[in-house]
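Q: Here you go, query.txt (compact mmCIF, C-alpha atoms and all ligand atoms):
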```
# COMPACT_ATOMS: atom_id res chain seq x y z
CA MET Z 777 15.55 -14.90 24.71
CA SER Z 778 16.28 -13.91 21.18
CA ALA Z 779 16.44 -16.77 18.75
CA VAL Z 780 17.92 -15.01 15.75
CA PRO Z 781 21.69 -14.83 15.89
CA TRP Z 782 22.78 -11.22 15.72
CA THR Z 783 25.37 -12.17 13.13
CA GLU Z 784 22.44 -12.83 10.81
CA LYS Z 785 20.14 -10.13 12.07
CA TYR Z 786 22.82 -7.52 11.48
CA ALA Z 787 24.58 -9.04 8.49
CA PRO Z 788 25.27 -6.45 5.79
CA ARG Z 789 22.75 -6.59 2.94
CA ARG Z 790 24.68 -4.28 0.69
CA VAL Z 791 28.28 -4.08 -0.39
CA SER Z 792 28.68 -0.62 1.10
CA GLU Z 793 27.76 -2.02 4.51
CA ILE Z 794 30.69 -4.42 4.56
CA VAL Z 795 33.09 -3.05 7.12
CA ARG Z 796 36.82 -2.72 6.35
CA ASN Z 797 36.60 -5.00 3.33
CA THR Z 798 34.29 -2.78 1.30
CA GLU Z 799 36.75 -2.57 -1.55
CA ALA Z 800 37.15 -6.32 -1.69
CA ALA Z 801 33.39 -6.69 -1.85
CA MET Z 802 33.20 -4.04 -4.56
CA LYS Z 803 35.76 -5.92 -6.58
CA LEU Z 804 33.66 -9.05 -6.17
CA LEU Z 805 30.57 -7.19 -7.35
CA LYS Z 806 32.40 -5.99 -10.42
CA LEU Z 807 33.76 -9.41 -11.31
CA VAL Z 808 30.38 -11.06 -10.89
CA LYS Z 809 28.66 -8.41 -12.94
CA GLU Z 810 31.18 -8.60 -15.77
CA TRP Z 811 31.54 -12.35 -15.65
CA LYS Z 812 31.06 -14.25 -18.92
CA PRO Z 813 31.61 -17.89 -19.88
CA GLY Z 814 35.34 -18.55 -19.95
CA SER Z 815 36.05 -16.06 -17.15
CA LYS Z 816 37.92 -17.28 -14.12
CA GLY Z 817 36.37 -18.35 -10.83
CA ILE Z 818 36.64 -15.96 -7.90
CA LEU Z 819 38.42 -16.97 -4.74
CA LEU Z 820 37.79 -14.88 -1.63
CA TYR Z 821 40.35 -15.52 1.05
CA GLY Z 822 41.19 -14.27 4.51
CA PRO Z 823 40.74 -14.94 8.22
CA PRO Z 824 37.43 -16.13 9.69
CA GLY Z 825 34.65 -13.65 10.33
CA THR Z 826 35.89 -10.96 7.97
CA GLY Z 827 32.92 -10.92 5.61
CA LYS Z 828 33.71 -13.37 2.83
CA THR Z 829 30.51 -15.37 2.83
CA VAL Z 830 28.35 -12.41 3.67
CA SER Z 831 29.82 -10.42 0.76
CA VAL Z 832 28.61 -13.00 -1.72
CA TYR Z 833 25.07 -12.61 -0.43
CA ALA Z 834 25.32 -8.81 -0.38
CA VAL Z 835 26.50 -8.84 -3.99
CA ALA Z 836 23.73 -11.22 -5.01
CA ASN Z 837 21.22 -9.04 -3.24
CA GLU Z 838 22.36 -5.92 -5.06
CA LEU Z 839 22.37 -7.59 -8.44
CA ASN Z 840 19.17 -9.51 -7.77
CA TYR Z 841 21.04 -12.78 -8.26
CA GLU Z 842 20.38 -16.09 -6.62
CA VAL Z 843 23.09 -17.86 -4.61
CA ILE Z 844 23.43 -21.59 -4.99
CA GLU Z 845 25.52 -22.62 -2.05
CA MET Z 846 27.62 -25.68 -1.68
CA ASN Z 847 29.57 -26.49 1.38
CA ALA Z 848 32.91 -27.87 0.33
CA SER Z 849 33.00 -30.26 3.25
CA ASP Z 850 29.81 -31.86 1.96
CA THR Z 851 31.41 -32.70 -1.34
CA ARG Z 852 32.08 -36.36 -0.75
CA ASN Z 853 33.31 -37.00 -4.24
CA VAL Z 854 33.55 -35.78 -7.78
CA GLN Z 855 30.04 -36.81 -8.71
CA ASN Z 856 28.65 -34.83 -5.84
CA VAL Z 857 30.50 -31.71 -6.84
CA MET Z 858 29.34 -32.11 -10.40
CA ARG Z 859 25.78 -32.86 -9.46
CA VAL Z 860 25.38 -29.99 -7.07
CA ALA Z 861 27.56 -27.25 -8.50
CA GLY Z 862 27.92 -28.47 -12.04
CA SER Z 863 24.29 -28.63 -12.94
CA ALA Z 864 23.47 -25.39 -11.24
CA ALA Z 865 26.51 -23.72 -12.69
CA MET Z 866 25.82 -24.82 -16.21
CA GLN Z 867 22.23 -23.85 -16.45
CA ALA Z 868 21.19 -20.31 -16.95
CA PRO Z 869 18.58 -19.23 -14.43
CA LEU Z 870 14.97 -19.50 -15.42
CA PHE Z 871 12.80 -17.16 -13.45
CA ALA Z 872 12.71 -14.01 -11.46
CA LYS Z 873 16.34 -13.66 -10.49
CA ARG Z 874 18.55 -12.09 -13.07
CA GLY Z 875 21.48 -14.37 -12.50
CA ARG Z 876 23.09 -16.96 -10.34
CA ILE Z 877 26.23 -17.32 -8.32
CA VAL Z 878 27.53 -20.71 -7.33
CA LEU Z 879 29.17 -20.41 -3.94
CA ILE Z 880 31.54 -23.12 -2.82
CA ASP Z 881 32.16 -22.05 0.72
CA GLU Z 882 35.13 -22.94 2.89
CA ILE Z 883 37.19 -25.06 0.58
CA ASP Z 884 39.70 -25.53 3.40
CA GLY Z 885 37.10 -27.96 4.69
CA LEU Z 886 37.89 -30.42 1.94
CA SER Z 887 40.03 -32.99 3.59
CA GLY Z 888 42.12 -36.07 3.09
CA ARG Z 889 41.28 -38.36 0.26
CA GLU Z 890 38.34 -36.31 -0.94
CA ASP Z 891 40.27 -33.17 -1.70
CA ARG Z 892 42.03 -34.34 -4.85
CA GLY Z 893 38.93 -35.48 -6.60
CA GLY Z 894 36.93 -32.66 -5.08
CA LEU Z 895 39.37 -29.97 -6.15
CA GLY Z 896 39.68 -31.45 -9.61
CA ALA Z 897 35.93 -31.38 -9.92
CA ILE Z 898 35.78 -27.81 -8.72
CA ILE Z 899 38.26 -26.80 -11.41
CA LYS Z 900 36.14 -28.58 -14.02
CA VAL Z 901 33.07 -26.74 -12.79
CA ILE Z 902 34.88 -23.41 -12.99
CA LYS Z 903 36.09 -24.13 -16.52
CA SER Z 904 32.72 -25.17 -17.86
CA ALA Z 905 30.51 -22.91 -15.77
CA ARG Z 906 27.85 -20.72 -17.28
CA VAL Z 907 27.55 -18.58 -14.17
CA PRO Z 908 30.22 -17.21 -11.84
CA VAL Z 909 31.67 -19.63 -9.32
CA VAL Z 910 32.82 -18.02 -6.08
CA LEU Z 911 35.00 -19.90 -3.61
CA THR Z 912 36.05 -18.96 -0.09
CA ALA Z 913 39.06 -20.12 1.88
CA ASN Z 914 41.01 -19.11 4.94
CA ASP Z 915 44.37 -20.17 3.56
CA PRO Z 916 44.60 -20.11 -0.24
CA TRP Z 917 48.37 -20.71 -0.14
CA ASP Z 918 47.94 -24.29 0.95
CA PRO Z 919 49.92 -26.31 -1.62
CA ARG Z 920 46.92 -28.41 -2.53
CA PHE Z 921 45.26 -25.28 -3.94
CA THR Z 922 48.17 -24.53 -6.28
CA SER Z 923 46.44 -25.56 -9.47
CA LEU Z 924 43.05 -24.26 -8.38
CA ARG Z 925 44.57 -20.82 -7.87
CA GLN Z 926 45.42 -20.62 -11.55
CA TYR Z 927 41.74 -20.77 -12.42
CA CYS Z 928 40.73 -18.05 -10.00
CA GLU Z 929 40.86 -14.34 -9.46
CA LEU Z 930 41.99 -13.84 -5.89
CA ILE Z 931 40.41 -11.28 -3.59
CA GLU Z 932 41.89 -10.73 -0.17
CA TYR Z 933 39.81 -10.08 2.95
CA LYS Z 934 41.63 -8.40 5.81
CA ARG Z 935 41.28 -8.90 9.51
CA LEU Z 936 39.17 -6.15 11.04
CA THR Z 937 40.86 -3.76 13.46
CA MET Z 938 39.75 -3.50 17.05
CA TRP Z 939 38.12 -0.17 16.27
CA ASP Z 940 36.18 -1.60 13.34
CA VAL Z 941 34.82 -4.24 15.65
CA VAL Z 942 33.98 -1.78 18.43
CA LYS Z 943 32.09 0.36 15.94
CA VAL Z 944 29.96 -2.54 14.76
CA LEU Z 945 29.30 -3.67 18.33
CA ARG Z 946 28.25 -0.20 19.35
CA SER Z 947 25.83 0.15 16.50
CA ILE Z 948 24.28 -3.22 17.33
CA CYS Z 949 23.91 -2.15 20.97
CA GLN Z 950 22.17 0.99 19.83
CA LYS Z 951 19.69 -0.94 17.74
CA GLU Z 952 19.07 -3.40 20.57
CA GLY Z 953 18.57 -0.63 23.10
CA ILE Z 954 21.56 -1.74 25.13
CA ILE Z 955 23.70 0.69 27.05
CA ALA Z 956 27.24 -0.56 27.01
CA ASP Z 957 30.42 0.68 28.62
CA ASN Z 958 33.12 1.36 26.11
CA GLU Z 959 35.50 -0.81 28.11
CA VAL Z 960 33.30 -3.84 27.67
CA LEU Z 961 33.02 -3.43 23.92
CA LYS Z 962 36.75 -2.90 23.70
CA GLU Z 963 37.45 -6.04 25.66
CA ILE Z 964 35.13 -8.11 23.45
CA ALA Z 965 36.78 -6.66 20.37
CA LYS Z 966 40.23 -7.35 21.70
CA ASN Z 967 39.39 -10.99 22.39
CA ALA Z 968 37.96 -11.44 18.92
CA GLU Z 969 41.26 -10.67 17.23
CA GLY Z 970 39.66 -9.27 14.11
CA ASP Z 971 36.95 -11.91 13.83
CA LEU Z 972 33.71 -9.98 13.74
CA ARG Z 973 31.55 -13.08 13.89
CA SER Z 974 32.99 -14.17 17.19
CA ALA Z 975 32.78 -10.62 18.56
CA ILE Z 976 29.09 -10.34 17.70
CA ASN Z 977 28.41 -13.75 19.19
CA ASP Z 978 30.21 -12.78 22.38
CA LEU Z 979 28.22 -9.59 22.59
CA GLN Z 980 24.95 -11.44 22.17
CA ALA Z 981 25.90 -14.01 24.80
CA LEU Z 982 26.89 -11.32 27.24
CA ALA Z 983 23.79 -9.23 26.59
CA GLU Z 984 21.41 -12.14 27.03
CA GLY Z 985 18.73 -10.87 29.39
CA ARG Z 986 20.49 -7.58 30.07
CA LYS Z 987 20.07 -4.04 28.87
CA ARG Z 988 23.22 -2.70 30.43
CA LEU Z 989 26.75 -3.88 29.94
CA THR Z 990 28.91 -2.48 32.68
CA LYS Z 991 32.56 -2.67 33.57
CA GLU Z 992 31.79 -5.25 36.23
CA MET Z 993 31.15 -7.71 33.44
CA LEU Z 994 34.74 -7.55 32.32
CA SER Z 995 35.52 -10.12 34.96
CA ILE Z 996 33.14 -12.58 33.30
CA LEU Z 997 34.99 -12.15 30.05
CA ALA Z 998 38.36 -12.40 31.72
CA ARG Z 999 37.39 -15.51 33.63
CA ARG Z 1000 36.13 -17.21 30.52
CA ASP Z 1001 39.36 -16.38 28.79
CA ARG Z 1002 41.43 -17.76 31.59
CA GLU Z 1003 39.37 -20.91 31.55
CA LYS Z 1004 40.15 -21.37 27.91
CA ASN Z 1005 43.81 -21.07 28.74
CA ILE Z 1006 43.63 -23.40 31.72
CA PHE Z 1007 42.13 -26.19 29.64
CA GLU Z 1008 45.19 -26.15 27.44
CA VAL Z 1009 47.48 -26.10 30.43
CA LEU Z 1010 45.73 -29.11 31.94
CA ARG Z 1011 45.83 -31.03 28.71
CA MET Z 1012 49.54 -30.35 28.37
CA LEU Z 1013 50.21 -31.16 32.00
CA PHE Z 1014 48.35 -34.44 32.12
CA SER Z 1015 49.84 -35.64 28.87
CA ALA Z 1016 53.41 -34.75 29.89
CA LYS Z 1017 55.81 -37.64 29.87
CA THR Z 1018 58.79 -35.83 31.35
CA ALA Z 1019 59.29 -33.54 34.30
CA ARG Z 1020 60.42 -30.79 31.99
CA MET Z 1021 57.29 -30.97 29.88
CA ALA Z 1022 55.16 -30.89 32.99
CA THR Z 1023 56.85 -27.85 34.50
CA PHE Z 1024 56.73 -26.14 31.15
CA ALA Z 1025 53.00 -26.78 30.95
CA LEU Z 1026 52.43 -25.10 34.29
CA SER Z 1027 54.62 -22.17 33.38
CA THR Z 1028 52.21 -21.26 30.60
CA ALA Z 1029 49.27 -20.91 32.98
CA ASP Z 1030 48.09 -17.41 33.70
CA VAL Z 1031 46.08 -18.08 36.83
CA ASP Z 1032 47.39 -17.95 40.36
CA TYR Z 1033 48.79 -21.02 42.06
CA GLU Z 1034 45.86 -21.59 44.31
CA MET Z 1035 43.47 -21.60 41.43
CA LEU Z 1036 45.77 -23.91 39.54
CA MET Z 1037 45.84 -26.31 42.48
CA ARG Z 1038 42.09 -26.48 42.45
CA TRP Z 1039 41.92 -27.20 38.75
CA ILE Z 1040 44.53 -29.90 38.99
CA SER Z 1041 43.03 -31.39 42.09
CA GLU Z 1042 39.58 -31.54 40.55
CA ASN Z 1043 40.79 -33.16 37.37
CA ILE Z 1044 43.31 -35.73 38.55
CA PRO Z 1045 40.65 -38.46 38.87
CA TYR Z 1046 39.71 -38.06 35.23
CA HIS Z 1047 43.21 -38.93 34.13
CA MET Z 1048 44.10 -41.67 36.54
CA ASP Z 1049 41.98 -44.60 37.53
CA ASP Z 1050 44.58 -46.57 39.37
CA VAL Z 1051 44.40 -46.11 43.14
CA GLU Z 1052 48.17 -46.06 43.49
CA GLU Z 1053 48.56 -43.41 40.84
CA LEU Z 1054 45.84 -41.35 42.43
CA ALA Z 1055 47.48 -41.57 45.83
CA LYS Z 1056 50.82 -40.49 44.36
CA ALA Z 1057 49.29 -37.57 42.50
CA TYR Z 1058 47.32 -36.29 45.47
CA ASP Z 1059 50.30 -36.79 47.71
CA ALA Z 1060 52.41 -34.59 45.44
CA LEU Z 1061 49.66 -32.03 45.33
CA SER Z 1062 49.24 -31.90 49.07
CA ARG Z 1063 52.98 -31.51 49.55
CA ALA Z 1064 52.92 -28.68 47.03
CA ASP Z 1065 50.15 -27.20 49.12
CA VAL Z 1066 52.28 -27.36 52.25
CA PHE Z 1067 55.05 -25.50 50.43
CA LEU Z 1068 52.65 -22.90 49.13
CA GLY Z 1069 51.35 -22.38 52.65
CA ARG Z 1070 54.85 -21.80 53.94
CA ILE Z 1071 55.68 -19.52 51.05
CA LYS Z 1072 52.67 -17.40 51.86
CA ARG Z 1073 53.24 -17.32 55.59
CA GLU Z 1074 56.96 -16.74 55.51
CA GLN Z 1075 57.13 -14.94 52.17
CA ASN Z 1076 59.82 -17.43 51.35
CA TRP Z 1077 59.73 -17.37 47.60
CA LYS Z 1078 62.79 -19.55 47.29
CA LEU Z 1079 60.49 -22.48 47.94
CA LEU Z 1080 58.35 -21.74 44.94
CA PRO Z 1081 60.25 -23.99 42.53
CA TYR Z 1082 59.65 -26.96 44.84
CA ALA Z 1083 55.95 -26.33 45.02
CA PHE Z 1084 55.93 -25.84 41.32
CA GLU Z 1085 57.72 -29.09 40.63
CA LEU Z 1086 55.42 -31.09 42.89
CA MET Z 1087 52.33 -29.62 41.27
CA SER Z 1088 53.58 -30.30 37.79
CA ALA Z 1089 56.00 -33.19 37.53
CA GLY Z 1090 54.82 -34.73 40.80
CA VAL Z 1091 51.29 -34.94 39.51
CA ALA Z 1092 51.93 -35.70 35.86
CA LEU Z 1093 54.46 -38.46 36.46
CA ALA Z 1094 52.19 -40.19 38.93
CA ARG Z 1095 50.34 -41.45 35.89
CA SER Z 1096 52.27 -44.51 34.80
CA LYS Z 1097 49.64 -47.10 33.88
CA SER Z 1098 46.58 -45.14 32.87
CA LYS Z 1099 46.60 -44.11 29.24
CA PHE Z 1100 46.29 -40.44 28.47
CA LYS Z 1101 42.67 -39.69 27.79
CA PHE Z 1102 41.13 -36.72 26.10
CA VAL Z 1103 39.09 -35.25 28.90
CA LYS Z 1104 36.45 -32.59 28.82
CA TYR Z 1105 37.71 -30.74 31.84
CA SER Z 1106 35.45 -29.92 34.68
CA PHE Z 1107 35.44 -26.72 36.62
CA PRO Z 1108 36.80 -26.63 40.11
CA SER Z 1109 34.07 -27.20 42.63
CA LEU Z 1110 34.16 -23.63 43.71
CA LEU Z 1111 33.16 -22.43 40.27
CA LYS Z 1112 30.85 -25.32 39.64
CA GLU Z 1113 29.25 -24.52 42.93
CA LEU Z 1114 28.03 -21.24 41.58
CA LYS Z 1115 26.12 -23.12 38.95
CA SER Z 1116 24.61 -25.99 40.88
CA SER Z 1117 21.35 -25.81 42.74
CA LYS Z 1118 21.14 -24.44 46.22
CA GLU Z 1119 20.28 -27.83 47.65
CA GLN Z 1120 23.43 -29.35 46.27
CA ARG Z 1121 25.41 -26.45 47.58
CA ASP Z 1122 24.00 -26.90 51.06
CA LEU Z 1123 24.70 -30.59 51.03
CA GLN Z 1124 28.23 -30.02 49.86
CA LYS Z 1125 28.74 -27.51 52.62
CA LYS Z 1126 27.56 -29.94 55.24
CA ILE Z 1127 30.05 -32.46 53.92
CA GLY Z 1128 32.72 -29.80 53.94
CA GLU Z 1129 31.98 -29.06 57.59
CA LYS Z 1130 32.33 -32.70 58.52
CA ILE Z 1131 35.67 -32.89 56.73
CA LYS Z 1132 36.74 -29.67 58.39
CA LYS Z 1133 36.15 -31.13 61.86
CA ARG Z 1134 38.32 -34.11 61.15
CA CYS Z 1135 41.03 -32.56 59.05
CA HIS Z 1136 41.35 -29.19 60.77
CA THR Z 1137 41.02 -27.18 57.64
CA SER Z 1138 38.59 -24.63 56.27
CA VAL Z 1139 35.31 -25.66 54.68
CA THR Z 1140 36.42 -24.27 51.34
CA ARG Z 1141 39.66 -26.19 51.38
CA ALA Z 1142 37.83 -29.27 52.57
CA ILE Z 1143 35.54 -29.08 49.58
CA ASN Z 1144 38.13 -28.14 47.02
CA ASP Z 1145 41.13 -30.14 48.06
CA PHE Z 1146 39.98 -32.99 50.27
CA LEU Z 1147 36.64 -33.89 48.79
CA PRO Z 1148 37.94 -34.92 45.34
CA PHE Z 1149 40.36 -37.31 47.00
CA ILE Z 1150 37.71 -38.74 49.30
CA ARG Z 1151 35.42 -39.11 46.33
CA VAL Z 1152 37.96 -41.19 44.46
CA ILE Z 1153 38.48 -43.52 47.39
CA LEU Z 1154 34.77 -43.97 48.00
CA ARG Z 1155 34.23 -44.75 44.37
CA ASN Z 1156 37.10 -47.14 43.94
CA ASN Z 1157 37.51 -48.86 47.23
CA PRO Z 1158 34.26 -49.48 49.12
CA GLU Z 1159 35.99 -51.13 52.09
CA VAL Z 1160 38.27 -48.20 52.78
CA GLY Z 1161 35.45 -45.92 51.68
CA ALA Z 1162 33.15 -47.33 54.33
CA LYS Z 1163 35.76 -46.83 57.03
CA MET Z 1164 36.29 -43.26 55.90
CA ALA Z 1165 32.59 -42.58 55.75
CA LYS Z 1166 32.26 -43.81 59.31
CA TRP Z 1167 35.15 -41.72 60.51
CA PHE Z 1168 33.81 -38.60 58.85
CA ARG Z 1169 30.25 -39.51 59.95
CA PHE Z 1170 28.79 -39.09 56.50
CA ASN Z 1171 25.15 -40.07 56.27
CA GLU Z 1172 23.62 -42.00 53.37
CA GLU Z 1173 22.60 -38.94 51.44
CA GLU Z 1174 26.06 -37.51 51.77
CA ILE Z 1175 27.68 -40.74 50.66
CA ALA Z 1176 25.49 -40.83 47.59
CA PHE Z 1177 26.34 -37.23 46.82
CA ILE Z 1178 30.05 -37.81 47.22
CA THR Z 1179 30.29 -40.92 45.07
CA GLY Z 1180 27.82 -39.61 42.54
CA ASP Z 1181 27.04 -43.17 41.57
CA SER Z 1182 24.49 -45.44 43.12
CA ARG Z 1183 26.42 -48.68 42.80
CA SER Z 1184 29.38 -47.74 44.96
CA SER Z 1185 27.29 -45.80 47.45
CA LYS Z 1186 24.98 -48.79 47.95
CA GLU Z 1187 27.96 -51.00 48.53
CA ILE Z 1188 29.39 -48.65 51.13
CA ILE Z 1189 26.07 -48.28 52.89
CA LYS Z 1190 25.72 -52.07 53.00
CA LEU Z 1191 29.18 -52.39 54.55
CA LEU Z 1192 28.34 -49.76 57.12
CA LYS Z 1193 25.36 -51.74 58.23
N1 LIG F 1 33.39 -7.06 7.06
C1 LIG F 1 32.22 -7.25 7.68
N2 LIG F 1 31.30 -6.27 7.72
C2 LIG F 1 30.15 -6.44 8.37
N3 LIG F 1 29.79 -7.57 8.99
C3 LIG F 1 30.66 -8.58 8.99
C4 LIG F 1 31.91 -8.48 8.33
N4 LIG F 1 32.56 -9.62 8.48
C5 LIG F 1 31.79 -10.42 9.22
N5 LIG F 1 30.63 -9.80 9.53
C6 LIG F 1 29.59 -10.35 10.39
O1 LIG F 1 30.02 -11.64 10.81
C7 LIG F 1 29.21 -12.66 10.26
C8 LIG F 1 30.07 -13.74 9.69
O2 LIG F 1 30.79 -13.26 8.57
P1 LIG F 1 31.13 -14.17 7.32
O3 LIG F 1 30.29 -15.40 7.38
O4 LIG F 1 31.06 -13.36 6.11
O5 LIG F 1 32.62 -14.54 7.66
P2 LIG F 1 33.65 -15.30 6.73
O6 LIG F 1 34.68 -14.31 6.34
O7 LIG F 1 32.92 -16.01 5.65
O8 LIG F 1 34.28 -16.30 7.78
P3 LIG F 1 34.71 -17.85 7.58
O9 LIG F 1 36.09 -17.82 7.01
O10 LIG F 1 34.74 -18.37 9.01
O11 LIG F 1 33.70 -18.50 6.73
C9 LIG F 1 28.35 -11.99 9.23
O12 LIG F 1 27.07 -12.58 9.18
C10 LIG F 1 28.27 -10.57 9.72
O13 LIG F 1 27.26 -10.44 10.69
MG MG F 2 32.36 -18.01 5.47
```
Could you rewrite the structure in this file as structure tokens?

A:
Amino acid sequence: MSAVPWTEKYAPRRVSEIVRNTEAAMKLLKLVKEWKPGSKGILLYGPPGTGKTVSVYAVANELNYEVIEMNASDTRNVQNVMRVAGSAAMQAPLFAKRGRIVLIDEIDGLSGREDRGGLGAIIKVIKSARVPVVLTANDPWDPRFTSLRQYCELIEYKRLTMWDVVKVLRSICQKEGIIADNEVLKEIAKNAEGDLRSAINDLQALAEGRKRLTKEMLSILARRDREKNIFEVLRMLFSAKTARMATFALSTADVDYEMLMRWISENIPYHMDDVEELAKAYDALSRADVFLGRIKREQNWKLLPYAFELMSAGVALARSKSKFKFVKYSFPSLLKELKSSKEQRDLQKKIGEKIKKRCHTSVTRAINDFLPFIRVILRNNPEVGAKMAKWFRFNEEEIAFITGDSRSSKEIIKLLK
């Protein structure tokens, strides 16, 4: 396992190594070099991961300057800004280094009440500085920066193209002794949307413990992307207050219906804690499932809107009492299964087989669609839970696994005895 992030290991040390934004970095070098008291501050702006921060260090490195960095989000108040940047900015450097740059990074991070005082202080620092003050921002056109802009030279950093990113990724692979399919690098680059930092991080994550990146790995990337999308869909769906909102939420999903069912099924209990709501939601979902089954068997696509409505509005509107909660979504059991230990997997399968016997379904469906429902009942209603456990013939270990909490499983086991 490599501890050093590749974004640092392969960060450009010289201005000429800055990809795509070389000219911007050269302009920065020139301004820093020619800076004298009374000159303006320098504001680097552009999308994330395009080389703003790293340019400042490359410039300092070439000029043998020292960088005094301040994170704008740390600037709680005027005094802080003055103490940290002001003092450093007003003193000429003493030893070794030939100059100093004060870097106030990510001024977009200044927020709320702090920004007025903070920005005012930054302007004061710029006006009275004895060394160049460099600022970075993603969006310099934010109205609160209007007056600050007048005290700065602006330098734009552009989003990198996909080919820029691929080139950098390939050269990193070479240095790391990794053989990578072009397709994989292209896919990473495409996902990064011009953000080289995120592309390099993705590459490092994907290459962890591997020396070959093959096309087969594209599915890992694609799956992760879909998961990102599905989280948003779920959030929208479970917070929907109207049927229209709910159906709209589902329409933005880019996974197939069966997958969507699993995600919804797995996450219903996190949004509803009322037994009645839960029953309604799972009822809607199971009816949607019946429709989907028919659609598949009979290729009767006219039924799709019904299934769709049940899955979306049927589920979302079941929540009437529970407040909408911000939930960290969990993966459907099938995916989670891949991650959990073999023991757990075996146990879950045994449970699935018991459900299968009683419900005449497949083990996979039993685990994905029935088990979450059973789990909710066992957790919330020990009396009914005990009856169910008896009917399914779950043993104590299985009951504990299903409930996942010792209190309710103990209660059920007591009732069974
Ligand atoms: N133009 C570039 N040329 C070479 N490497 C780059 C470039 N842009 C980004 N990188 C790589 O990505 C990392 C992050 O870049 P950097 O911190 O400069 O981004 P930034 O523009 O300051 O982003 P943010 O707006 O999020 O602060 C760098 O350490 C470097 O490895
Ligand atoms: Mg930065």

Q: Out of Z:Lys966, Z:Arg973, Z:Lys900, Z:Lys1097, which residue has the shortest atom-to-atom distance to ligand LIG 1 (chain F) when counting all atoms listed in the file?

A: Z:Arg973

Q: Taking into account only C-alpha atoms, which residue in the set Z:Ile818, Z:Val795, Z:Met1087, Z:Ile1143 is nearest to Val944 (chain Z)?

A: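 For Val944 (chain Z), the nearest of the given residues is Z:Val795.
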
Q: Report, in Å to a single decimal, how far apart CA of Ile976 (chain Z) and atom O2 of ligand LIG 1 (chain F) are.

A: 9.7 Å

Q: Between Z:Ser831, Z:Asn1157, Z:Gln1124, Z:Ser947, which has the minimum distance to ligand LIG 1 (chain F) (counting all atoms listed in the file)?

A: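 Of Z:Ser831, Z:Asn1157, Z:Gln1124, Z:Ser947, the one nearest ligand LIG 1 (chain F) is Z:Ser831, counting all atoms listed in the file.
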
Q: Taking 3 positions as the minimum chain separation for residues in the same chain, which residues sit within 10 Å of Pro781 (chain Z) when counting all atoms listed in the file? Answer as a ChimeraX atom specification.

A: /Z:778,784-787,976-977,980-981

Q: Residues contacting ligand MG 2 (chain F) - anything with an atom at most 9 Å away, using all atoms listed in the file - can you give me those as a PyMOL selection string?

A: chain Z and resi 824-830+881-882+912-914

Q: Based on the selection just made, write C-alpha atoms of those residues as a CSV table (one decimal), in the coordinates of the input.

A:
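To be explicit, this is the file written out as result.csv:
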```
chain,number,residue,atom,x,y,z
Z,824,PRO,CA,37.4,-16.1,9.7
Z,825,GLY,CA,34.6,-13.6,10.3
Z,826,THR,CA,35.9,-11.0,8.0
Z,827,GLY,CA,32.9,-10.9,5.6
Z,828,LYS,CA,33.7,-13.4,2.8
Z,829,THR,CA,30.5,-15.4,2.8
Z,830,VAL,CA,28.4,-12.4,3.7
Z,881,ASP,CA,32.2,-22.0,0.7
Z,882,GLU,CA,35.1,-22.9,2.9
Z,912,THR,CA,36.0,-19.0,-0.1
Z,913,ALA,CA,39.1,-20.1,1.9
Z,914,ASN,CA,41.0,-19.1,4.9
```

Q: Which is closer to ligand LIG 1 (chain F) than all the others in Z:Val843, Z:Val941, Z:Val878, Z:Val907, using only C-alpha atoms and all ligand atoms?

A: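 Selected residue with least distance to ligand LIG 1 (chain F): Z:Val941.
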
Q: Find the spatial neighbours of region 1013-1030 of chain Z, counting only C-alpha atoms, within a cut-off of 10 Å - ignore same-chain residues fewer than 2 positions away - and output them as number ranges by chain.

A: Z: 1002-1003, 1005-1011, 1032-1033, 1035-1036, 1040, 1043-1044, 1046-1048, 1081, 1084-1096, 1099-1103

Q: Find, counting all atoms listed in the file, the residue in Z:Thr922, Z:Leu819, Z:Glu932, Z:Leu1154 that gets nearest to Ile883 (chain Z).

A: Z:Leu819

Q: Kindly give the distance, in Å, that separates CA of Asp918 (chain Z) and CA of Leu895 (chain Z), rounded to a single decimal.

A: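 Answer for the CA of Asp918 (chain Z) to CA of Leu895 (chain Z) separation: 12.5 Å.
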
Q: For CA of Ala975 (chain Z) and CA of Leu820 (chain Z), quote the distance in Å rounded to one decimal.

A: 21.2 Å

Q: Compare Z:Ile1127, Z:Leu945, Z:Leu930, Z:Ile1178 by their minimum atom-to-atom distance to ligand LIG 1 (chain F), counting all atoms listed in the file, and give me the closest one.

A: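 Among Z:Ile1127, Z:Leu945, Z:Leu930, Z:Ile1178, it is Z:Leu945 that comes nearest to ligand LIG 1 (chain F).
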
Q: Could you pull the residues within 8 Å of Lys903 (chain Z), counting only C-alpha atoms, minus those fewer than 6 positions along the same chain, as number ranges by chain?

A: Z: 814, 816, 927

Q: Mind working out the centre and edge lengths of an axis-aligned box for ligand LIG 1 (chain F), all listed atoms inside, 5 Å added to each side, rounded to one decimal in Å and written as JSON?

A:
```
{"center_x": 31.6, "center_y": -12.4, "center_z": 8.2, "size_x": 19.0, "size_y": 22.2, "size_z": 15.2}
```
